[in-house]
file data-v8.pdb (PDB, C-alpha atoms, pLDDT in the B column)
MODEL        1
ATOM      1  CA  MET A   1      84.966  69.353  48.286  1.00 96.00           C
ATOM      2  CA  ARG A   2      83.538  71.868  50.739  1.00 97.00           C
ATOM      3  CA  VAL A   3      85.006  75.152  51.958  1.00 98.00           C
ATOM      4  CA  GLY A   4      84.391  76.762  55.336  1.00 98.00           C
ATOM      5  CA  PHE A   5      85.305  80.222  56.598  1.00 98.00           C
ATOM      6  CA  GLY A   6      85.572  81.386  60.208  1.00 98.00           C
ATOM      7  CA  PHE A   7      86.197  84.635  62.060  1.00 98.00           C
ATOM      8  CA  ASP A   8      86.433  85.520  65.744  1.00 98.00           C
ATOM      9  CA  VAL A   9      87.495  88.439  67.907  1.00 98.00           C
ATOM     10  CA  HIS A  10      87.936  88.941  71.645  1.00 98.00           C
ATOM     11  CA  PRO A  11      89.035  91.955  73.684  1.00 98.00           C
ATOM     12  CA  LEU A  12      92.352  92.008  75.517  1.00 98.00           C
ATOM     13  CA  VAL A  13      92.073  92.432  79.289  1.00 98.00           C
ATOM     14  CA  PRO A  14      94.464  92.279  82.257  1.00 97.00           C
ATOM     15  CA  ASN A  15      94.655  89.265  84.582  1.00 95.00           C
ATOM     16  CA  ARG A  16      93.881  86.638  81.935  1.00 96.00           C
ATOM     17  CA  PRO A  17      96.266  84.232  80.207  1.00 97.00           C
ATOM     18  CA  LEU A  18      96.747  84.716  76.475  1.00 98.00           C
ATOM     19  CA  ILE A  19      96.017  81.448  74.681  1.00 98.00           C
ATOM     20  CA  LEU A  20      96.307  81.278  70.883  1.00 98.00           C
ATOM     21  CA  GLY A  21      96.209  78.064  68.900  1.00 98.00           C
ATOM     22  CA  GLY A  22      96.142  76.143  72.167  1.00 98.00           C
ATOM     23  CA  VAL A  23      99.489  77.677  73.173  1.00 98.00           C
ATOM     24  CA  HIS A  24     100.099  79.935  76.171  1.00 98.00           C
ATOM     25  CA  ILE A  25     101.720  83.185  75.020  1.00 98.00           C
ATOM     26  CA  PRO A  26     103.512  85.217  77.723  1.00 97.00           C
ATOM     27  CA  TYR A  27     101.956  88.703  77.612  1.00 97.00           C
ATOM     28  CA  LEU A  28     100.618  91.412  79.917  1.00 96.00           C
ATOM     29  CA  PHE A  29      97.058  90.825  78.721  1.00 98.00           C
ATOM     30  CA  GLY A  30      94.837  87.903  77.825  1.00 97.00           C
ATOM     31  CA  LEU A  31      91.629  87.498  75.880  1.00 98.00           C
ATOM     32  CA  HIS A  32      88.303  87.927  77.617  1.00 97.00           C
ATOM     33  CA  GLY A  33      85.593  85.376  76.952  1.00 93.00           C
ATOM     34  CA  HIS A  34      83.380  82.674  78.411  1.00 92.00           C
ATOM     35  CA  SER A  35      85.895  79.955  77.521  1.00 93.00           C
ATOM     36  CA  ASP A  36      89.662  80.463  77.332  1.00 96.00           C
ATOM     37  CA  ALA A  37      88.810  82.903  74.483  1.00 97.00           C
ATOM     38  CA  ASP A  38      91.272  81.392  71.990  1.00 98.00           C
ATOM     39  CA  VAL A  39      90.238  83.412  68.933  1.00 98.00           C
ATOM     40  CA  LEU A  40      92.299  81.274  66.579  1.00 98.00           C
ATOM     41  CA  LEU A  41      90.698  77.992  67.604  1.00 98.00           C
ATOM     42  CA  HIS A  42      87.251  79.622  67.631  1.00 98.00           C
ATOM     43  CA  ALA A  43      87.738  80.822  64.046  1.00 98.00           C
ATOM     44  CA  ILE A  44      88.887  77.323  63.051  1.00 98.00           C
ATOM     45  CA  CYS A  45      85.827  75.790  64.753  1.00 98.00           C
ATOM     46  CA  ASP A  46      83.540  78.138  62.831  1.00 98.00           C
ATOM     47  CA  ALA A  47      85.309  77.356  59.554  1.00 98.00           C
ATOM     48  CA  LEU A  48      84.914  73.617  60.107  1.00 98.00           C
ATOM     49  CA  LEU A  49      81.276  73.987  61.097  1.00 98.00           C
ATOM     50  CA  GLY A  50      80.693  76.187  58.059  1.00 98.00           C
ATOM     51  CA  ALA A  51      82.176  73.570  55.750  1.00 98.00           C
ATOM     52  CA  ILE A  52      79.610  71.013  56.926  1.00 98.00           C
ATOM     53  CA  ALA A  53      76.738  73.533  57.135  1.00 97.00           C
ATOM     54  CA  GLY A  54      76.736  72.939  60.890  1.00 97.00           C
ATOM     55  CA  GLY A  55      76.014  76.432  62.169  1.00 95.00           C
ATOM     56  CA  ASP A  56      78.547  78.190  64.346  1.00 95.00           C
ATOM     57  CA  ILE A  57      80.445  77.753  67.587  1.00 94.00           C
ATOM     58  CA  GLY A  58      77.803  79.668  69.580  1.00 92.00           C
ATOM     59  CA  LYS A  59      75.106  77.235  68.469  1.00 94.00           C
ATOM     60  CA  HIS A  60      77.051  74.221  69.725  1.00 93.00           C
ATOM     61  CA  PHE A  61      78.793  75.752  72.756  1.00 93.00           C
ATOM     62  CA  PRO A  62      76.685  78.720  73.940  1.00 88.00           C
ATOM     63  CA  ASP A  63      78.242  81.206  76.333  1.00 87.00           C
ATOM     64  CA  THR A  64      75.067  80.973  78.405  1.00 89.00           C
ATOM     65  CA  ASP A  65      75.887  77.357  79.310  1.00 87.00           C
ATOM     66  CA  PRO A  66      78.002  77.114  82.484  1.00 87.00           C
ATOM     67  CA  GLN A  67      79.605  73.830  81.348  1.00 87.00           C
ATOM     68  CA  TYR A  68      81.663  75.838  78.835  1.00 87.00           C
ATOM     69  CA  ARG A  69      82.903  78.417  81.361  1.00 89.00           C
ATOM     70  CA  GLU A  70      86.730  78.546  81.159  1.00 89.00           C
ATOM     71  CA  ILE A  71      86.783  75.447  78.912  1.00 94.00           C
ATOM     72  CA  LYS A  72      89.910  74.942  76.846  1.00 97.00           C
ATOM     73  CA  SER A  73      89.215  75.670  73.208  1.00 97.00           C
ATOM     74  CA  THR A  74      91.231  72.596  72.240  1.00 98.00           C
ATOM     75  CA  ILE A  75      88.360  70.580  73.733  1.00 97.00           C
ATOM     76  CA  LEU A  76      85.855  72.523  71.628  1.00 97.00           C
ATOM     77  CA  LEU A  77      87.962  71.908  68.520  1.00 98.00           C
ATOM     78  CA  GLU A  78      88.113  68.173  69.319  1.00 98.00           C
ATOM     79  CA  ARG A  79      84.317  68.107  69.515  1.00 98.00           C
ATOM     80  CA  VAL A  80      83.955  70.039  66.254  1.00 98.00           C
ATOM     81  CA  ILE A  81      86.303  67.766  64.292  1.00 98.00           C
ATOM     82  CA  GLU A  82      84.240  64.813  65.560  1.00 98.00           C
ATOM     83  CA  LYS A  83      81.135  66.500  64.095  1.00 97.00           C
ATOM     84  CA  VAL A  84      82.984  66.878  60.794  1.00 98.00           C
ATOM     85  CA  LYS A  85      83.815  63.162  60.818  1.00 97.00           C
ATOM     86  CA  GLU A  86      80.241  62.244  61.766  1.00 97.00           C
ATOM     87  CA  LYS A  87      79.113  64.052  58.581  1.00 96.00           C
ATOM     88  CA  GLY A  88      81.413  61.758  56.612  1.00 97.00           C
ATOM     89  CA  CYS A  89      83.948  64.485  55.860  1.00 97.00           C
ATOM     90  CA  SER A  90      87.688  64.770  56.351  1.00 97.00           C
ATOM     91  CA  LEU A  91      89.807  67.884  56.677  1.00 98.00           C
ATOM     92  CA  LEU A  92      92.241  68.404  53.809  1.00 98.00           C
ATOM     93  CA  ASN A  93      93.860  71.649  54.893  1.00 97.00           C
ATOM     94  CA  LEU A  94      93.547  74.719  57.077  1.00 98.00           C
ATOM     95  CA  ASP A  95      94.844  78.244  56.575  1.00 98.00           C
ATOM     96  CA  ALA A  96      94.437  80.873  59.290  1.00 98.00           C
ATOM     97  CA  THR A  97      95.552  84.401  60.110  1.00 98.00           C
ATOM     98  CA  ILE A  98      95.831  86.002  63.540  1.00 98.00           C
ATOM     99  CA  VAL A  99      95.470  89.794  63.576  1.00 98.00           C
ATOM    100  CA  ALA A 100      97.310  91.361  66.524  1.00 98.00           C
ATOM    101  CA  GLN A 101      99.510  94.415  66.913  1.00 96.00           C
ATOM    102  CA  LYS A 102     101.201  92.842  69.936  1.00 96.00           C
ATOM    103  CA  PRO A 103     102.615  90.499  71.039  1.00 97.00           C
ATOM    104  CA  LYS A 104     104.816  89.309  68.204  1.00 96.00           C
ATOM    105  CA  LEU A 105     103.749  85.735  67.446  1.00 98.00           C
ATOM    106  CA  LEU A 106     106.260  84.430  64.908  1.00 97.00           C
ATOM    107  CA  ASP A 107     108.187  82.326  67.425  1.00 97.00           C
ATOM    108  CA  PHE A 108     104.986  80.676  68.705  1.00 98.00           C
ATOM    109  CA  ILE A 109     103.509  79.689  65.344  1.00 98.00           C
ATOM    110  CA  PRO A 110     105.343  76.330  65.031  1.00 98.00           C
ATOM    111  CA  ARG A 111     103.936  75.272  68.427  1.00 98.00           C
ATOM    112  CA  MET A 112     100.461  76.393  67.354  1.00 98.00           C
ATOM    113  CA  VAL A 113     100.718  74.367  64.143  1.00 98.00           C
ATOM    114  CA  ASN A 114     101.798  71.288  66.113  1.00 98.00           C
ATOM    115  CA  GLU A 115      99.018  71.659  68.692  1.00 98.00           C
ATOM    116  CA  ILE A 116      96.313  72.266  66.091  1.00 98.00           C
ATOM    117  CA  SER A 117      97.436  69.377  63.898  1.00 98.00           C
ATOM    118  CA  ARG A 118      97.510  67.121  66.980  1.00 98.00           C
ATOM    119  CA  VAL A 119      93.946  68.045  67.941  1.00 98.00           C
ATOM    120  CA  LEU A 120      92.680  67.737  64.355  1.00 98.00           C
ATOM    121  CA  GLN A 121      94.641  64.501  63.831  1.00 96.00           C
ATOM    122  CA  ILE A 122      96.186  65.696  60.564  1.00 97.00           C
ATOM    123  CA  ASP A 123      99.743  66.143  59.371  1.00 98.00           C
ATOM    124  CA  PRO A 124     101.245  69.524  60.334  1.00 98.00           C
ATOM    125  CA  SER A 125     101.960  70.147  56.636  1.00 98.00           C
ATOM    126  CA  ARG A 126      98.200  70.617  56.207  1.00 98.00           C
ATOM    127  CA  VAL A 127      98.037  73.459  58.750  1.00 98.00           C
ATOM    128  CA  ASN A 128      99.200  76.985  57.972  1.00 98.00           C
ATOM    129  CA  ILE A 129      99.076  79.759  60.570  1.00 98.00           C
ATOM    130  CA  LYS A 130     100.072  83.353  59.883  1.00 98.00           C
ATOM    131  CA  ALA A 131     100.138  86.481  62.024  1.00 98.00           C
ATOM    132  CA  THR A 132      99.806  90.076  60.880  1.00 98.00           C
ATOM    133  CA  THR A 133      99.334  93.535  62.327  1.00 97.00           C
ATOM    134  CA  THR A 134      97.044  96.313  61.172  1.00 96.00           C
ATOM    135  CA  GLU A 135      99.846  98.896  61.239  1.00 95.00           C
ATOM    136  CA  GLY A 136      98.276 100.557  64.285  1.00 95.00           C
ATOM    137  CA  LEU A 137      94.809 100.874  62.718  1.00 95.00           C
ATOM    138  CA  GLY A 138      91.533  99.797  64.333  1.00 96.00           C
ATOM    139  CA  PHE A 139      90.906  97.967  67.599  1.00 95.00           C
ATOM    140  CA  THR A 140      93.634  95.407  66.928  1.00 96.00           C
ATOM    141  CA  GLY A 141      96.101  98.144  66.047  1.00 96.00           C
ATOM    142  CA  ARG A 142      95.333  99.970  69.280  1.00 96.00           C
ATOM    143  CA  GLY A 143      95.932  96.738  71.223  1.00 95.00           C
ATOM    144  CA  GLU A 144      92.307  96.469  72.361  1.00 97.00           C
ATOM    145  CA  GLY A 145      91.758  92.980  71.013  1.00 98.00           C
ATOM    146  CA  ILE A 146      92.881  90.165  68.754  1.00 98.00           C
ATOM    147  CA  ALA A 147      91.055  88.749  65.749  1.00 98.00           C
ATOM    148  CA  ALA A 148      91.506  85.593  63.689  1.00 98.00           C
ATOM    149  CA  TYR A 149      90.350  84.345  60.301  1.00 98.00           C
ATOM    150  CA  ALA A 150      90.358  80.733  59.143  1.00 98.00           C
ATOM    151  CA  ILE A 151      89.475  78.842  55.999  1.00 98.00           C
ATOM    152  CA  VAL A 152      89.306  75.069  55.619  1.00 98.00           C
ATOM    153  CA  LEU A 153      88.869  72.603  52.796  1.00 98.00           C
ATOM    154  CA  VAL A 154      87.085  69.368  53.599  1.00 98.00           C
ATOM    155  CA  GLU A 155      86.288  66.385  51.462  1.00 97.00           C
ATOM    156  CA  GLU A 156      83.087  64.388  51.588  1.00 94.00           C
ATOM    157  CA  GLY A 157      83.166  60.634  51.575  1.00 85.00           C
TER     158      GLY A 157
ENDMDL
END
call {"tool": "encode", "arguments": {"input": "data-v8.pdb", "output": "structure tokens"}}
result
Amino acid sequence: MRVGFGFDVHPLVPNRPLILGGVHIPYLFGLHGHSDADVLLHAICDALLGAIAGGDIGKHFPDTDPQYREIKSTILLERVIEKVKEKGCSLLNLDATIVAQKPKLLDFIPRMVNEISRVLQIDPSRVNIKATTTEGLGFTGRGEGIAAYAIVLVEEG
């Protein structure tokens, strides 16, 4: 068994779509980044890469490379899960938390779970996504950005 942990954060800006867990969330702001800036999928990518001692998302998909400009993070996650499989590992489960004061995400979480489990090719019962606020504290509490944490358990062999 191997455990991996991931974290990501992006600032909220106007005139960008908000994509979390591969799902479009209607909101006044979106996340700024080189790709679609899906903090949840980026944290999951880093957790998976960590579990196989594979570095981080920036190593594999650098923001200096134009081929990743505006790329969907679901594509990045597909590539990362292939790396996990190439190492002879399989994903047992995923637990993740999105930290955002707004928008409220509860109604979107089932769609996120379905999209993530589809991309990772695992049963949705192995994917848990939560959302929390920081009670108005810090950059997420002030609505300046969104963060995400993820932990995965993979099995070798």
call {"tool": "resolve_selection", "arguments": {"input": "data-v8.pdb", "expression": "the PyMOL selection byres ((chain A and resi 81) around 9)", "output": "PyMOL selection string"}}
result
chain A and resi 45+48-49+76-80+82-86+90-91+119-121
call {"tool": "residues_around", "arguments": {"input": "data-v8.pdb", "residues": "Arg2 of chain A", "least_positions_apart": "2", "cutoff": "7 Å", "atoms": "all atoms listed in the file", "output": "list in words"}}
result
Gly4, Ala51, Leu153, Val154 and Glu155 of chain A
call {"tool": "closest_residue", "arguments": {"input": "data-v8.pdb", "among": "A:Ala131, A:Leu18, A:Val23, A:Ile52", "to": "Lys104 of chain A", "atoms": "only C-alpha atoms"}}
result
A:Ala131
call {"tool": "resolve_selection", "arguments": {"input": "data-v8.pdb", "expression": "the PyMOL selection byres ((chain A and resi 98) around 9)", "output": "list in words"}}
result
Leu20, Val39, Leu40, Ala96, Thr97, Val99, Ala100, Leu105, Ile129, Lys130, Ala131, Thr132, Thr133, Ile146, Ala147, Ala148, Tyr149 and Ala150 of chain A
call {"tool": "closest_residue", "arguments": {"input": "data-v8.pdb", "among": "A:Ala53, A:Leu106, A:Ile25, A:Ala47", "to": "Val152 of chain A", "atoms": "all atoms listed in the file"}}
result
A:Ala47
call {"tool": "residues_around", "arguments": {"input": "data-v8.pdb", "residues": "Ile19 of chain A", "least_positions_apart": "6", "cutoff": "12 Å", "atoms": "all atoms listed in the file", "output": "MDAnalysis selection string"}}
result
chainID A and resid 10 12 25:27 29:33 35:42 70:74 103 105 108 111:112 115 146
call {"tool": "closest_residue", "arguments": {"input": "data-v8.pdb", "among": "A:Gly6, A:Gly145, A:Pro124, A:Gly138", "to": "Asp56 of chain A", "atoms": "only C-alpha atoms"}}
result
A:Gly6
call {"tool": "atom_distance", "arguments": {"input": "data-v8.pdb", "atom1": "atom CA of Pro11 of chain A", "atom2": "atom CA of Ala43 of chain A"}}
result
14.8 Å
call {"tool": "atom_distance", "arguments": {"input": "data-v8.pdb", "atom1": "atom CA of Gly58 of chain A", "atom2": "atom CA of Pro110 of chain A"}}
result
28.1 Å
call {"tool": "axis_aligned_box", "arguments": {"input": "data-v8.pdb", "around": "segment 84-97 of chain A", "padding_each_side": "4 Å", "output": "lines of an AutoDock Vina configuration file"}}
result
center_x = 87.3
center_y = 73.1
center_z = 57.8
size_x = 24.4
size_y = 30.6
size_z = 16.0
call {"tool": "atom_distance", "arguments": {"input": "data-v8.pdb", "atom1": "atom CA of Val113 of chain A", "atom2": "atom CA of Ile75 of chain A"}}
result
16.1 Å
call {"tool": "closest_residue", "arguments": {"input": "data-v8.pdb", "among": "A:Lys59, A:Lys102, A:Arg126, A:Asp46", "to": "Arg142 of chain A", "atoms": "all atoms listed in the file"}}
result
A:Lys102
